[in-house]
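Peer 1: Pasting a structure below so you can have a look.
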Amino acid sequence: MTSTSAESATPAISPAISPVLAEVVRSGFVEGRHRGSLVLLAADGSVELAMGDVSAPVFPRSANKPMQAAAVLRAGLDLSGERLALTAASHSGEMFHRDLVQKMLAEHGLTAADLQCPPDLPLDAVEAETYLAAGAVRDRVTMNCSGKHASMLAVCRLNGWPADSYLDPHHPLQQLILQVVEEAAGERVAAVGTDGCGAPLMAISLTGLARAFRHFVLAPEGSAERRVADAMRAHPEYVAGTRRPDTWLMREIPGVLSKMGAEAVQAFALPDGRALAFKVDDGGLRALGPVLARALRLAGVEADVLTRVGRTPLLGGAVEVGEIRAAF
C-alpha cells in the first residue's frame with residue numbers, strides 16, 4: 001500500500017473567480033463573458049457595493065494620471081487650464097492635442113526628442129486614419145501620454161533634476177508621485193511596475209483607487225489635487241478626445257471626474273464624494289462602457305449620456321445583431 005504525504009493530500013487552493021460584469025450577446029446567444037471586480041463608495045466614503053476582490057492590488061494604468069499630475073504641481077510646475085488637463089490625459093492624438101504638447105515643450109526649452117514615451121499613432125481610430133492618410137508616421141508627441149511626459153520633463157528642468165532618468169522609479173519626481181498616490185488612496189503602494197509609456201506604475205487596490213478619485217473632488221480649492229480635478233472637468237476634451245466616453249461624461253454630468261486606464265480600468269467620482277472603480281480581468285476595453293453606465297445608475301446617476309456610454313453594439317456584416325451588456 002502506497003502512503004500519501006499530508007502535503008500531497010492537501011487540495012490546491014484555487015483563486016476566487018471574479019463575478020461576471022458584462023456579457024457578449026450575439027443573435028440572442030451569450031457567446032462570451034467579461035469577469036472583473038468593482039467597488040462603489042457612498043458619499044461618506046463607505047463601501048456601498050463590492051463585487052469581486054476589491055482589496056487586491058491592481059495596476060490602475062492611466063487612471064493614476066490625476067495623481068501624477070498633482071505631483072507635478074506639488075513639485076512646483078505652474079500649470080492650469082488645458083495644459084494641466086493634458087498632463088493628466090490619455091489623449092486621442094487629435095491635432096489640438098499634438099499642437100498643445102508641442103507648445104508645452106517649447107515653453108520649457110524642450111523638444112519631442114526629449115520625450116521618453118514611445119512613438120505611436122493616435123489613440124482615436126478615426127484620427128489615426130486621417131493621420132496615416134496624410135503620410136504621417138508614429139511619433140512621440142502623438143503618443144497618448146505625451147502631455148504627462150512633457151510636464152514631467154518641464155518640472156525636472158525647473159528643479160534641476162536629471163531629465164535623462166525622469167522615468168527611473170528612484171527619481172525625485174517618481175518618489176513624489178508615489179507619495180501622492182499613497183496619500184490619495186489611503187494605502188501603501190503594493191508594487192511598482194512599468195506602464196506602457198515607460199513611466200513607473202504604482203499598484204493599489206480598486207477601493208484605494210476609488211478613494212483617490214473621491215479625495216480629488218473633495219480636496220480644498222487651490223490644493224494640487226483640486227486643481228487637477230477642476231482642470232480635467234473644465235477641459236475634458238484634453239483629458240481624452242472628442243469621441244471618448246471620459247469627455248462625454250465630464251461634459252454632460254456636472255462636476256464628475258472620470259478617467260479610464262488600459263487593461264479595462266475605470267475610475268469615477270461625483271462632486272458629493274460618491275466614487276467607483278473597476279477592472280475587467282481580461283482587459284477587454286469593449287466592456288468598459290456597459291459596466292460603467294450600469295454602475296453609475298446603481299450610484300443614483302441618471303443622465304442621457306449613460307445610454308450613449310453604455311451602448312456597445314455587435315455587428316453581423318453591416319447589421320446590428322447583438323450587444324455587450326452589463327450583467328449585474
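The way I read the labels, and the way they are meant: chains A, B, ... in the order of the C-alpha cells, residue 1 as the first residue of every chain, and ligand 1 as the first ligand shown, with later ones counted on from there.
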From the DSSP assignment of the backbone, select every residue of segment 228-295 of chain A that is helix (DSSP H, G or I), and format the answer as a count of residues only.

Peer 2: 30

Peer 1: Would you write out, as a tab-separated table, a table of all residues in segment 46-66 of chain A that have an atom no more than 12 Å from an atom of segment 147-171 of chain A, listing for each the closest atom pair and the distance in Å to one decimal, considering only C-alpha atoms and ordering rows by chain and rising residue number?

Peer 2:
residue	atom	partner	partner_atom	distance
A:Ser62	CA	A:Lys148	CA	10.4
A:Asn64	CA	A:Lys148	CA	11.2
A:Lys65	CA	A:Lys148	CA	7.8
A:Pro66	CA	A:Lys148	CA	9.8

Peer 1: I'd like the contact shell of segment 79-85 of chain A - 9 Å cut-off, only C-alpha atoms, skipping same-chain residues fewer than 3 positions apart - returned as an MDAnalysis selection string.

Peer 2: chainID A and resid 66 69 72:73 88:89 100:101 104 147:148 151 227:239

Peer 1: Those residues you just picked out, can you put them in a file as a CSV table (one decimal), in the first residue's frame with N, CA, C and O atoms?

Peer 2:
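The resulting file, out.csv, is reproduced below:
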chain,number,residue,atom,x,y,z
A,66,PRO,N,-4.2,61.4,-12.8
A,66,PRO,CA,-4.5,62.6,-12.0
A,66,PRO,C,-3.5,62.7,-10.8
A,66,PRO,O,-3.1,63.9,-10.5
A,69,ALA,N,-0.2,64.0,-12.1
A,69,ALA,CA,-0.3,65.5,-12.4
A,69,ALA,C,-0.3,66.3,-11.2
A,69,ALA,O,0.4,67.4,-11.1
A,72,VAL,N,3.3,66.7,-10.1
A,72,VAL,CA,4.0,67.7,-10.9
A,72,VAL,C,3.7,69.1,-10.3
A,72,VAL,O,4.6,70.0,-10.2
A,73,LEU,N,2.4,69.4,-9.9
A,73,LEU,CA,2.1,70.7,-9.3
A,73,LEU,C,2.8,70.8,-8.0
A,73,LEU,O,3.4,71.9,-7.7
A,88,ALA,N,-2.8,65.3,-17.3
A,88,ALA,CA,-3.5,64.1,-16.7
A,88,ALA,C,-4.2,63.3,-17.8
A,88,ALA,O,-5.0,62.4,-17.4
A,89,ALA,N,-3.8,63.4,-19.0
A,89,ALA,CA,-4.6,62.9,-20.1
A,89,ALA,C,-4.0,61.6,-20.7
A,89,ALA,O,-2.9,61.2,-20.6
A,100,LEU,N,-0.8,71.3,-28.6
A,100,LEU,CA,-0.5,71.8,-27.3
A,100,LEU,C,0.7,71.2,-26.7
A,100,LEU,O,1.5,71.8,-25.9
A,101,VAL,N,0.9,69.9,-26.9
A,101,VAL,CA,2.1,69.2,-26.4
A,101,VAL,C,3.4,69.9,-27.0
A,101,VAL,O,4.3,70.2,-26.2
A,104,MET,N,3.9,73.1,-25.1
A,104,MET,CA,4.3,72.9,-23.8
A,104,MET,C,5.8,72.6,-23.8
A,104,MET,O,6.6,73.1,-22.9
A,147,GLY,N,1.5,64.4,-23.1
A,147,GLY,CA,1.3,65.6,-22.2
A,147,GLY,C,1.9,65.4,-20.9
A,147,GLY,O,2.5,66.3,-20.3
A,148,LYS,N,1.7,64.2,-20.3
A,148,LYS,CA,2.2,63.9,-19.0
A,148,LYS,C,3.8,63.9,-19.0
A,148,LYS,O,4.4,64.5,-18.2
A,151,SER,N,5.2,67.5,-19.2
A,151,SER,CA,5.2,68.2,-17.9
A,151,SER,C,6.2,67.6,-16.9
A,151,SER,O,6.8,68.3,-16.1
A,227,ARG,N,-6.9,71.3,-8.0
A,227,ARG,CA,-6.6,72.0,-9.3
A,227,ARG,C,-6.6,71.0,-10.5
A,227,ARG,O,-7.1,71.3,-11.5
A,228,VAL,N,-6.1,69.8,-10.2
A,228,VAL,CA,-6.1,68.8,-11.3
A,228,VAL,C,-7.5,68.4,-11.6
A,228,VAL,O,-7.9,68.4,-12.8
A,229,ALA,N,-8.3,68.1,-10.6
A,229,ALA,CA,-9.7,67.7,-10.8
A,229,ALA,C,-10.5,68.8,-11.6
A,229,ALA,O,-11.3,68.6,-12.5
A,230,ASP,N,-10.3,70.1,-11.2
A,230,ASP,CA,-11.0,71.2,-11.8
A,230,ASP,C,-10.6,71.4,-13.3
A,230,ASP,O,-11.4,71.6,-14.1
A,231,ALA,N,-9.3,71.2,-13.5
A,231,ALA,CA,-8.8,71.4,-14.9
A,231,ALA,C,-9.4,70.3,-15.8
A,231,ALA,O,-9.8,70.5,-17.0
A,232,MET,N,-9.4,69.0,-15.3
A,232,MET,CA,-9.9,67.9,-16.1
A,232,MET,C,-11.4,68.1,-16.4
A,232,MET,O,-11.8,67.9,-17.5
A,233,ARG,N,-12.1,68.6,-15.4
A,233,ARG,CA,-13.6,68.8,-15.6
A,233,ARG,C,-13.9,70.0,-16.5
A,233,ARG,O,-14.9,69.9,-17.2
A,234,ALA,N,-13.0,71.0,-16.4
A,234,ALA,CA,-13.3,72.1,-17.3
A,234,ALA,C,-12.8,71.9,-18.7
A,234,ALA,O,-13.4,72.5,-19.6
A,235,HIS,N,-11.9,71.0,-19.0
A,235,HIS,CA,-11.3,70.8,-20.3
A,235,HIS,C,-11.3,69.3,-20.6
A,235,HIS,O,-10.2,68.7,-20.9
A,236,PRO,N,-12.4,68.6,-20.6
A,236,PRO,CA,-12.4,67.1,-20.7
A,236,PRO,C,-11.9,66.6,-22.1
A,236,PRO,O,-11.4,65.5,-22.2
A,237,GLU,N,-12.1,67.5,-23.1
A,237,GLU,CA,-11.6,67.1,-24.4
A,237,GLU,C,-10.1,66.9,-24.5
A,237,GLU,O,-9.5,66.2,-25.3
A,238,TYR,N,-9.4,67.6,-23.6
A,238,TYR,CA,-7.9,67.4,-23.5
A,238,TYR,C,-7.5,66.2,-22.6
A,238,TYR,O,-6.4,65.7,-22.8
A,239,VAL,N,-8.4,65.8,-21.8
A,239,VAL,CA,-8.2,64.6,-21.0
A,239,VAL,C,-8.3,63.3,-21.9
A,239,VAL,O,-7.6,62.3,-21.7

Peer 1: Please identify all polymer residues within 6 Å of segment 306-322 of chain A, counting only C-alpha atoms, omitting same-chain residues fewer than 2 positions from it, and present them as a ChimeraX atom specification.

Peer 2: /A:25-27,245,289-290,293,303-304,324

Peer 1: Can you check which residues of segment 224-271 of chain A DSSP gives as strand (DSSP E) on the backbone and send them as a list of chain:residue names?

Peer 2: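 In segment 224-271 of chain A, DSSP puts these residues in strand (DSSP E): A:Leu257, A:Ser258, A:Lys259, A:Met260, A:Gly261, A:Val265, A:Gln266, A:Ala267, A:Phe268, A:Ala269.
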
Peer 1: Could you turn the residues from that selection into a file that holds C-alpha atoms, as a PDB file, in the first residue's frame?

Peer 2:
ATOM      1  CA  LEU A 257     -14.258  63.299 -12.619  1.00  0.00           C
ATOM      2  CA  SER A 258     -13.727  60.341 -14.946  1.00  0.00           C
ATOM      3  CA  LYS A 259     -10.585  58.573 -16.155  1.00  0.00           C
ATOM      4  CA  MET A 260     -10.066  55.237 -17.842  1.00  0.00           C
ATOM      5  CA  GLY A 261      -6.912  53.164 -17.924  1.00  0.00           C
ATOM      6  CA  VAL A 265      -9.680  50.015 -15.626  1.00  0.00           C
ATOM      7  CA  GLN A 266     -12.080  52.857 -14.882  1.00  0.00           C
ATOM      8  CA  ALA A 267     -12.357  55.327 -12.007  1.00  0.00           C
ATOM      9  CA  PHE A 268     -15.043  57.935 -11.482  1.00  0.00           C
ATOM     10  CA  ALA A 269     -16.102  60.368  -8.758  1.00  0.00           C
TER      11      ALA A 269
END
